[in-house]
>>> print(open('target_14.cif').read())   # mmCIF, C-alpha atoms
data_target
loop_
_atom_site.group_PDB
_atom_site.id
_atom_site.type_symbol
_atom_site.label_atom_id
_atom_site.label_comp_id
_atom_site.auth_asym_id
_atom_site.auth_seq_id
_atom_site.Cartn_x
_atom_site.Cartn_y
_atom_site.Cartn_z
ATOM 1 C CA MET A 889 54.948 141.073 151.737
ATOM 2 C CA GLY A 890 55.776 138.062 149.616
ATOM 3 C CA VAL A 891 54.576 136.107 146.637
ATOM 4 C CA VAL A 892 54.044 132.358 146.734
ATOM 5 C CA ILE A 893 53.056 129.968 144.005
ATOM 6 C CA ILE A 894 51.016 126.960 145.011
ATOM 7 C CA ASP A 895 48.971 124.244 143.358
ATOM 8 C CA GLY A 896 46.816 121.403 144.595
ATOM 9 C CA SER A 897 49.791 119.250 145.533
ATOM 10 C CA THR A 898 51.078 121.997 147.870
ATOM 11 C CA VAL A 899 47.771 122.123 149.743
ATOM 12 C CA ARG A 900 47.370 118.329 149.757
ATOM 13 C CA ALA A 901 50.892 117.851 151.166
ATOM 14 C CA PHE A 902 50.054 120.255 153.999
ATOM 15 C CA VAL A 903 46.820 118.427 154.849
ATOM 16 C CA THR A 904 48.485 115.010 154.774
ATOM 17 C CA ASP A 905 51.327 116.155 157.034
ATOM 18 C CA ASP A 906 49.444 115.231 160.213
ATOM 19 C CA GLN A 907 51.801 117.051 162.560
ATOM 20 C CA GLN A 908 51.800 120.381 160.684
ATOM 21 C CA PHE A 909 48.113 120.262 159.802
ATOM 22 C CA THR A 910 46.973 119.394 163.324
ATOM 23 C CA LYS A 911 49.227 122.040 164.878
ATOM 24 C CA SER A 912 47.964 124.741 162.489
ATOM 25 C CA VAL A 913 44.292 123.840 162.838
ATOM 26 C CA ASP A 914 44.550 123.555 166.632
ATOM 27 C CA GLU A 915 46.188 127.003 166.813
ATOM 28 C CA ARG A 916 43.445 128.508 164.652
ATOM 29 C CA PHE A 917 40.756 126.834 166.754
ATOM 30 C CA ALA A 918 42.285 128.224 169.960
ATOM 31 C CA ALA A 919 42.413 131.721 168.440
ATOM 32 C CA LEU A 920 38.739 131.496 167.440
ATOM 33 C CA ASP A 921 37.609 130.160 170.834
ATOM 34 C CA LEU A 922 37.273 133.633 172.324
ATOM 35 C CA ASN A 923 35.864 132.516 175.682
ATOM 36 C CA ASN A 924 38.265 129.543 176.001
ATOM 37 C CA ASP A 925 35.511 127.014 176.679
ATOM 38 C CA GLY A 926 36.947 124.417 174.284
ATOM 39 C CA VAL A 927 34.189 124.706 171.676
ATOM 40 C CA LEU A 928 33.191 127.248 169.055
ATOM 41 C CA SER A 929 29.806 128.860 169.366
ATOM 42 C CA ARG A 930 27.760 130.003 166.402
ATOM 43 C CA SER A 931 28.909 133.601 166.953
ATOM 44 C CA GLU A 932 32.607 132.657 167.298
ATOM 45 C CA LEU A 933 32.559 130.728 164.028
ATOM 46 C CA ARG A 934 30.601 133.510 162.310
ATOM 47 C CA LYS A 935 33.183 136.109 163.412
ATOM 48 C CA ALA A 936 35.902 133.938 161.909
ATOM 49 C CA PHE A 937 34.153 133.702 158.554
ATOM 50 C CA GLU A 938 33.173 137.375 158.608
ATOM 51 C CA SER A 939 36.848 138.276 159.018
ATOM 52 C CA LEU A 940 37.609 136.364 155.806
ATOM 53 C CA ARG A 941 35.012 138.465 153.937
ATOM 54 C CA LEU A 942 34.199 135.546 151.663
ATOM 55 C CA LEU A 943 30.505 136.329 151.501
ATOM 56 C CA GLU A 944 30.653 140.130 151.500
ATOM 57 C CA SER A 945 32.954 140.560 148.530
ATOM 58 C CA HIS A 946 33.251 139.199 145.032
ATOM 59 C CA PHE A 947 36.796 139.211 143.631
ATOM 60 C CA GLY A 948 37.690 142.063 145.980
ATOM 61 C CA VAL A 949 34.630 144.186 145.200
ATOM 62 C CA ASP A 950 32.193 144.761 148.048
ATOM 63 C CA VAL A 951 28.788 143.215 147.465
ATOM 64 C CA VAL A 952 25.702 144.199 149.410
ATOM 65 C CA THR A 953 24.055 141.045 150.706
ATOM 66 C CA PRO A 954 20.848 141.379 152.710
ATOM 67 C CA PRO A 955 21.480 140.660 156.421
ATOM 68 C CA ASP A 956 18.885 137.864 156.481
ATOM 69 C CA GLU A 957 20.633 136.132 153.584
ATOM 70 C CA LEU A 958 24.009 136.474 155.306
ATOM 71 C CA THR A 959 22.577 134.988 158.493
ATOM 72 C CA GLN A 960 21.204 132.025 156.518
ATOM 73 C CA LEU A 961 24.567 131.470 154.854
ATOM 74 C CA TYR A 962 26.484 131.631 158.138
ATOM 75 C CA ASN A 963 23.963 129.323 159.801
ATOM 76 C CA SER A 964 24.386 126.755 157.035
ATOM 77 C CA ILE A 965 28.177 126.937 157.421
ATOM 78 C CA PHE A 966 27.827 126.427 161.164
ATOM 79 C CA GLU A 967 25.522 123.444 160.691
ATOM 80 C CA ARG A 968 28.065 121.917 158.317
ATOM 81 C CA PHE A 969 30.769 122.214 160.996
ATOM 82 C CA ASP A 970 28.488 121.060 163.847
ATOM 83 C CA CYS A 971 28.443 117.424 162.732
ATOM 84 C CA ASP A 972 26.824 116.051 165.889
ATOM 85 C CA GLY A 973 24.142 118.763 166.140
ATOM 86 C CA SER A 974 25.247 119.773 169.648
ATOM 87 C CA GLY A 975 24.994 123.505 168.959
ATOM 88 C CA THR A 976 28.769 123.955 169.254
ATOM 89 C CA VAL A 977 31.789 122.967 167.178
ATOM 90 C CA ASP A 978 34.444 120.980 169.014
ATOM 91 C CA LEU A 979 38.059 120.629 167.950
ATOM 92 C CA GLN A 980 37.529 117.291 166.165
ATOM 93 C CA GLU A 981 34.621 118.685 164.141
ATOM 94 C CA PHE A 982 36.664 121.763 163.254
ATOM 95 C CA ARG A 983 39.658 119.651 162.168
ATOM 96 C CA SER A 984 37.454 117.378 160.079
ATOM 97 C CA GLU A 985 35.701 120.204 158.235
ATOM 98 C CA MET A 986 38.902 122.189 157.678
ATOM 99 C CA LYS A 987 40.472 119.071 156.179
ATOM 100 C CA LYS A 988 37.495 118.680 153.812
ATOM 101 C CA ILE A 989 37.657 122.361 152.828
ATOM 102 C CA LEU A 990 41.393 122.311 152.164
ATOM 103 C CA LEU A 991 41.204 119.050 150.205
ATOM 104 C CA ALA A 992 38.405 120.586 148.108
ATOM 105 C CA ILE A 993 40.680 123.582 147.458
ATOM 106 C CA ALA A 994 43.476 121.172 146.481
ATOM 107 C CA ASP A 995 41.139 119.351 144.095
ATOM 108 C CA GLY A 996 39.980 122.672 142.638
ATOM 109 C CA LEU A 997 43.529 123.858 142.046
ATOM 110 C CA GLY A 998 44.670 120.548 140.607
ATOM 111 C CA SER A 999 48.033 120.951 138.926
ATOM 112 C CA CYS A 1000 47.346 124.546 137.858
ATOM 113 C CA PRO A 1001 49.617 126.824 139.886
ATOM 114 C CA ILE A 1002 48.281 130.072 141.304
ATOM 115 C CA GLN A 1003 50.255 133.053 142.491
ATOM 116 C CA MET A 1004 49.306 134.643 145.819
ATOM 117 C CA VAL A 1005 50.531 137.854 147.393
ATOM 118 C CA LEU A 1006 50.660 137.500 151.167
ATOM 119 C CA GLU A 1007 51.603 139.697 154.070
ATOM 120 C CA ASP A 1008 54.654 138.471 155.972
ATOM 121 C CA ASP A 1009 52.549 137.877 159.102
ATOM 122 C CA ASP A 1010 49.799 136.027 157.193
ATOM 123 C CA GLN A 1011 48.794 132.919 159.163
ATOM 124 C CA SER A 1012 46.413 131.425 156.597
ATOM 125 C CA PHE A 1013 46.429 127.712 155.952
ATOM 126 C CA LEU A 1014 47.499 128.321 152.351
ATOM 127 C CA LYS A 1015 50.514 130.329 153.551
ATOM 128 C CA LYS A 1016 51.387 127.535 155.959
ATOM 129 C CA ALA A 1017 51.107 125.027 153.097
ATOM 130 C CA ALA A 1018 53.468 127.132 150.972
ATOM 131 C CA ASP A 1019 55.911 127.466 153.888
ATOM 132 C CA LEU A 1020 55.877 123.695 154.453
ATOM 133 C CA GLU A 1021 56.650 123.064 150.783
ATOM 134 C CA ALA A 1022 59.434 125.678 150.818
ATOM 135 C CA ALA A 1023 60.924 124.078 153.942
ATOM 136 C CA LYS A 1024 61.051 120.704 152.202
ATOM 137 C CA LEU A 1025 62.821 122.257 149.216
ATOM 138 C CA ASP A 1026 65.174 124.420 151.290
ATOM 139 C CA PRO A 1027 65.727 123.347 154.916
ATOM 140 C CA ASN A 1028 67.151 126.830 155.695
ATOM 141 C CA HIS A 1029 63.711 128.343 154.855
ATOM 142 C CA ALA A 1030 62.131 126.586 157.851
ATOM 143 C CA GLN A 1031 64.465 128.458 160.185
ATOM 144 C CA ALA A 1032 63.656 131.817 158.570
ATOM 145 C CA SER A 1033 59.849 131.410 158.826
#
>>> encode(input="target_14.cif", output="structure tokens")
Amino acid sequence: MGVVIIDGSTVRAFVTDDQQFTKSVDERFAALDLNNDGVLSRSELRKAFESLRLLESHFGVDVVTPPDELTQLYNSIFERFDCDGSGTVDLQEFRSEMKKILLAIADGLGSCPIQMVLEDDDQSFLKKAADLEAAKLDPNHAQAS
């Protein structure tokens, strides 16, 4: 377990590093594409967001949300990702929306640093952003990660 401190510039630097960002997003997409058909279905994307527990908890406290309301929320997220209305999310759509989400997080953080406690095996985009920044500051860190 480790502690990282990030701010908006950390996240923005990760998103603007095309090689690192694309590699990370492509890896996440592949992990979410459970049936390996090259696109994310509604259920595959929902499973991904369910695993984050963003809608079922509020500051770490479980919140009971009616199933119909959860379905509506997940459907609206899916529709946001499915830019062309095809009923699936392809890699380009996923990259585009993840970029928008991470840039919104960067804007929200601004120059105010936050401290995050992360598991060593955490593969979140924010952890990857912190690792990228650490590697730029200390080239030996990149070899340890």
>>> atom_distance(input="target_14.cif", atom1="CA of Lys1024 in chain A", atom2="CA of Ser984 in chain A")
25.1 Å
>>> closest_residue(input="target_14.cif", among="A:Ile1002, A:Ala1023, A:Ala1018, A:Ile993", to="Asp895 in chain A", atoms="all atoms listed in the file")
A:Ile1002
>>> closest_residue(input="target_14.cif", among="A:Phe917, A:Glu932, A:Val892, A:Ser897", to="Arg983 in chain A", atoms="all atoms listed in the file")
A:Phe917
>>> axis_aligned_box(input="target_14.cif", around="range 956-967 of chain A", padding_each_side="5 Å", output="lines of an AutoDock Vina configuration file")
center_x = 23.5
center_y = 130.7
center_z = 157.4
size_x = 19.3
size_y = 24.4
size_z = 17.6
>>> resolve_selection(input="target_14.cif", expression="the PyMOL selection byres ((chain A and resi 931) around 10)", output="PyMOL selection string")
chain A and resi 922+928-930+932-937+962-963+966+976
>>> resolve_selection(input="target_14.cif", expression="the PyMOL selection byres ((chain A and resi 1016) around 12)", output="PyMOL selection string")
chain A and resi 892+894+898-903+905+908-913+916+990+1006+1008-1015+1017-1023+1030+1033
>>> atom_distance(input="target_14.cif", atom1="CA of Ile965 in chain A", atom2="CA of Asp921 in chain A")
16.7 Å
>>> closest_residue(input="target_14.cif", among="A:Thr904, A:Gly890, A:Val1005, A:Asn924", to="Lys987 in chain A", atoms="only C-alpha atoms")
A:Thr904
>>> residues_around(input="target_14.cif", residues="Arg968 in chain A", least_positions_apart="4", cutoff="10 Å", atoms="only C-alpha atoms", output="JSON, numbers by chain")
{"A": [962, 963, 964, 972, 973, 977, 981, 982, 985]}
>>> closest_residue(input="target_14.cif", among="A:Ala919, A:Asp925, A:Gly975, A:Gly896", to="Ser999 in chain A", atoms="all atoms listed in the file")
A:Gly896
>>> atom_distance(input="target_14.cif", atom1="CA of Asp956 in chain A", atom2="CA of Met986 in chain A")
25.5 Å
>>> closest_residue(input="target_14.cif", among="A:Asp906, A:Asp914, A:Glu938, A:Glu1007", to="Gln980 in chain A", atoms="all atoms listed in the file")
A:Asp914
>>> residues_around(input="target_14.cif", residues="Gly926 in chain A", least_positions_apart="5", cutoff="8 Å", atoms="all atoms listed in the file", output="MDAnalysis selection string")
chainID A and resid 918 921 978:979
>>> write_last_selection(input="target_14.cif", atoms="C-alpha atoms", output="PDB file, in the frame of the given file")
ATOM      1  CA  ALA A 918      42.285 128.224 169.960  1.00  0.00           C
ATOM      2  CA  ASP A 921      37.609 130.160 170.834  1.00  0.00           C
ATOM      3  CA  ASP A 978      34.444 120.980 169.014  1.00  0.00           C
ATOM      4  CA  LEU A 979      38.059 120.629 167.950  1.00  0.00           C
TER       5      LEU A 979
END
>>> decode(input="target_14.cif", residues="range 912-928 of chain A", atoms="all heavy atoms", output="tab-separated table (two decimals), in the first residue's frame")
chain	number	residue	atom	x	y	z
A	912	SER	N	-2.56	2.73	-21.54
A	912	SER	CA	-3.36	2.45	-20.34
A	912	SER	C	-4.84	2.26	-20.67
A	912	SER	O	-5.47	1.32	-20.18
A	912	SER	CB	-3.22	3.60	-19.34
A	912	SER	OG	-1.89	3.70	-18.90
A	913	VAL	N	-5.38	3.13	-21.51
A	913	VAL	CA	-6.79	3.03	-21.87
A	913	VAL	C	-7.04	1.76	-22.69
A	913	VAL	O	-8.03	1.06	-22.47
A	913	VAL	CB	-7.27	4.29	-22.63
A	913	VAL	CG1	-8.66	4.11	-23.19
A	913	VAL	CG2	-7.24	5.49	-21.69
A	914	ASP	N	-6.14	1.46	-23.62
A	914	ASP	CA	-6.29	0.25	-24.44
A	914	ASP	C	-6.25	-1.01	-23.57
A	914	ASP	O	-7.02	-1.95	-23.80
A	914	ASP	CB	-5.23	0.19	-25.52
A	914	ASP	CG	-5.44	1.25	-26.61
A	914	ASP	OD1	-6.36	2.08	-26.48
A	914	ASP	OD2	-4.65	1.25	-27.57
A	915	GLU	N	-5.37	-1.03	-22.58
A	915	GLU	CA	-5.30	-2.18	-21.66
A	915	GLU	C	-6.59	-2.32	-20.87
A	915	GLU	O	-7.11	-3.43	-20.69
A	915	GLU	CB	-4.12	-2.04	-20.71
A	915	GLU	CG	-2.77	-2.26	-21.36
A	915	GLU	CD	-1.59	-1.92	-20.47
A	915	GLU	OE1	-1.80	-1.43	-19.32
A	915	GLU	OE2	-0.44	-2.14	-20.91
A	916	ARG	N	-7.12	-1.19	-20.39
A	916	ARG	CA	-8.38	-1.24	-19.63
A	916	ARG	C	-9.52	-1.71	-20.51
A	916	ARG	O	-10.34	-2.53	-20.11
A	916	ARG	CB	-8.67	0.14	-19.05
A	916	ARG	CG	-9.97	0.24	-18.26
A	916	ARG	CD	-9.98	-0.63	-16.99
A	916	ARG	NE	-8.86	-0.38	-16.14
A	916	ARG	CZ	-8.81	0.53	-15.18
A	916	ARG	NH1	-9.84	1.30	-14.94
A	916	ARG	NH2	-7.72	0.67	-14.47
A	917	PHE	N	-9.57	-1.21	-21.75
A	917	PHE	CA	-10.61	-1.62	-22.68
A	917	PHE	C	-10.55	-3.13	-22.90
A	917	PHE	O	-11.57	-3.81	-22.84
A	917	PHE	CB	-10.45	-0.88	-24.02
A	917	PHE	CG	-11.51	-1.18	-25.03
A	917	PHE	CD1	-12.67	-0.44	-25.07
A	917	PHE	CD2	-11.35	-2.22	-25.95
A	917	PHE	CE1	-13.66	-0.71	-26.01
A	917	PHE	CE2	-12.33	-2.50	-26.88
A	917	PHE	CZ	-13.48	-1.74	-26.91
A	918	ALA	N	-9.36	-3.64	-23.15
A	918	ALA	CA	-9.20	-5.09	-23.39
A	918	ALA	C	-9.65	-5.90	-22.17
A	918	ALA	O	-10.28	-6.95	-22.33
A	918	ALA	CB	-7.74	-5.41	-23.72
A	919	ALA	N	-9.36	-5.41	-20.98
A	919	ALA	CA	-9.78	-6.12	-19.76
A	919	ALA	C	-11.30	-6.10	-19.60
A	919	ALA	O	-11.89	-7.06	-19.09
A	919	ALA	CB	-9.12	-5.49	-18.53
A	920	LEU	N	-11.94	-5.04	-20.05
A	920	LEU	CA	-13.40	-4.92	-19.93
A	920	LEU	C	-14.13	-5.70	-21.01
A	920	LEU	O	-15.27	-6.11	-20.82
A	920	LEU	CB	-13.82	-3.44	-20.01
A	920	LEU	CG	-13.30	-2.55	-18.90
A	920	LEU	CD1	-13.70	-1.10	-19.17
A	920	LEU	CD2	-13.79	-3.00	-17.55
A	921	ASP	N	-13.49	-5.91	-22.15
A	921	ASP	CA	-14.10	-6.63	-23.28
A	921	ASP	C	-14.06	-8.12	-22.99
A	921	ASP	O	-13.23	-8.86	-23.51
A	921	ASP	CB	-13.34	-6.28	-24.56
A	921	ASP	CG	-13.97	-6.90	-25.79
A	921	ASP	OD1	-15.11	-7.39	-25.71
A	921	ASP	OD2	-13.29	-6.90	-26.84
A	922	LEU	N	-14.99	-8.56	-22.16
A	922	LEU	CA	-14.98	-9.93	-21.65
A	922	LEU	C	-15.09	-11.00	-22.73
A	922	LEU	O	-14.52	-12.08	-22.59
A	922	LEU	CB	-16.10	-10.11	-20.61
A	922	LEU	CG	-16.00	-9.18	-19.39
A	922	LEU	CD1	-17.21	-9.37	-18.48
A	922	LEU	CD2	-14.70	-9.42	-18.63
A	923	ASN	N	-15.84	-10.72	-23.80
A	923	ASN	CA	-15.99	-11.73	-24.85
A	923	ASN	C	-15.04	-11.51	-26.03
A	923	ASN	O	-15.15	-12.17	-27.05
A	923	ASN	CB	-17.45	-11.78	-25.33
A	923	ASN	CG	-17.90	-10.49	-25.97
A	923	ASN	OD1	-17.15	-9.52	-26.06
A	923	ASN	ND2	-19.15	-10.47	-26.40
A	924	ASN	N	-14.12	-10.55	-25.88
A	924	ASN	CA	-13.08	-10.29	-26.89
A	924	ASN	C	-13.62	-10.03	-28.29
A	924	ASN	O	-13.01	-10.44	-29.28
A	924	ASN	CB	-12.08	-11.45	-26.93
A	924	ASN	CG	-11.35	-11.60	-25.62
A	924	ASN	OD1	-10.92	-10.62	-25.03
A	924	ASN	ND2	-11.22	-12.83	-25.15
A	925	ASP	N	-14.76	-9.32	-28.38
A	925	ASP	CA	-15.29	-9.02	-29.70
A	925	ASP	C	-14.89	-7.63	-30.22
A	925	ASP	O	-15.32	-7.20	-31.27
A	925	ASP	CB	-16.82	-9.17	-29.72
A	925	ASP	CG	-17.53	-8.17	-28.82
A	925	ASP	OD1	-16.86	-7.43	-28.06
A	925	ASP	OD2	-18.78	-8.14	-28.86
A	926	GLY	N	-14.04	-6.93	-29.46
A	926	GLY	CA	-13.53	-5.64	-29.91
A	926	GLY	C	-14.41	-4.45	-29.60
A	926	GLY	O	-14.07	-3.32	-29.96
A	927	VAL	N	-15.54	-4.68	-28.95
A	927	VAL	CA	-16.43	-3.59	-28.52
A	927	VAL	C	-16.95	-3.92	-27.13
A	927	VAL	O	-16.93	-5.07	-26.70
A	927	VAL	CB	-17.62	-3.39	-29.49
A	927	VAL	CG1	-17.16	-2.88	-30.85
A	927	VAL	CG2	-18.44	-4.65	-29.63
A	928	LEU	N	-17.40	-2.88	-26.43
A	928	LEU	CA	-18.00	-3.08	-25.12
A	928	LEU	C	-19.51	-3.04	-25.24
A	928	LEU	O	-20.07	-2.10	-25.83
A	928	LEU	CB	-17.53	-2.00	-24.14
A	928	LEU	CG	-16.03	-1.92	-23.88
A	928	LEU	CD1	-15.73	-0.80	-22.89
A	928	LEU	CD2	-15.50	-3.25	-23.38
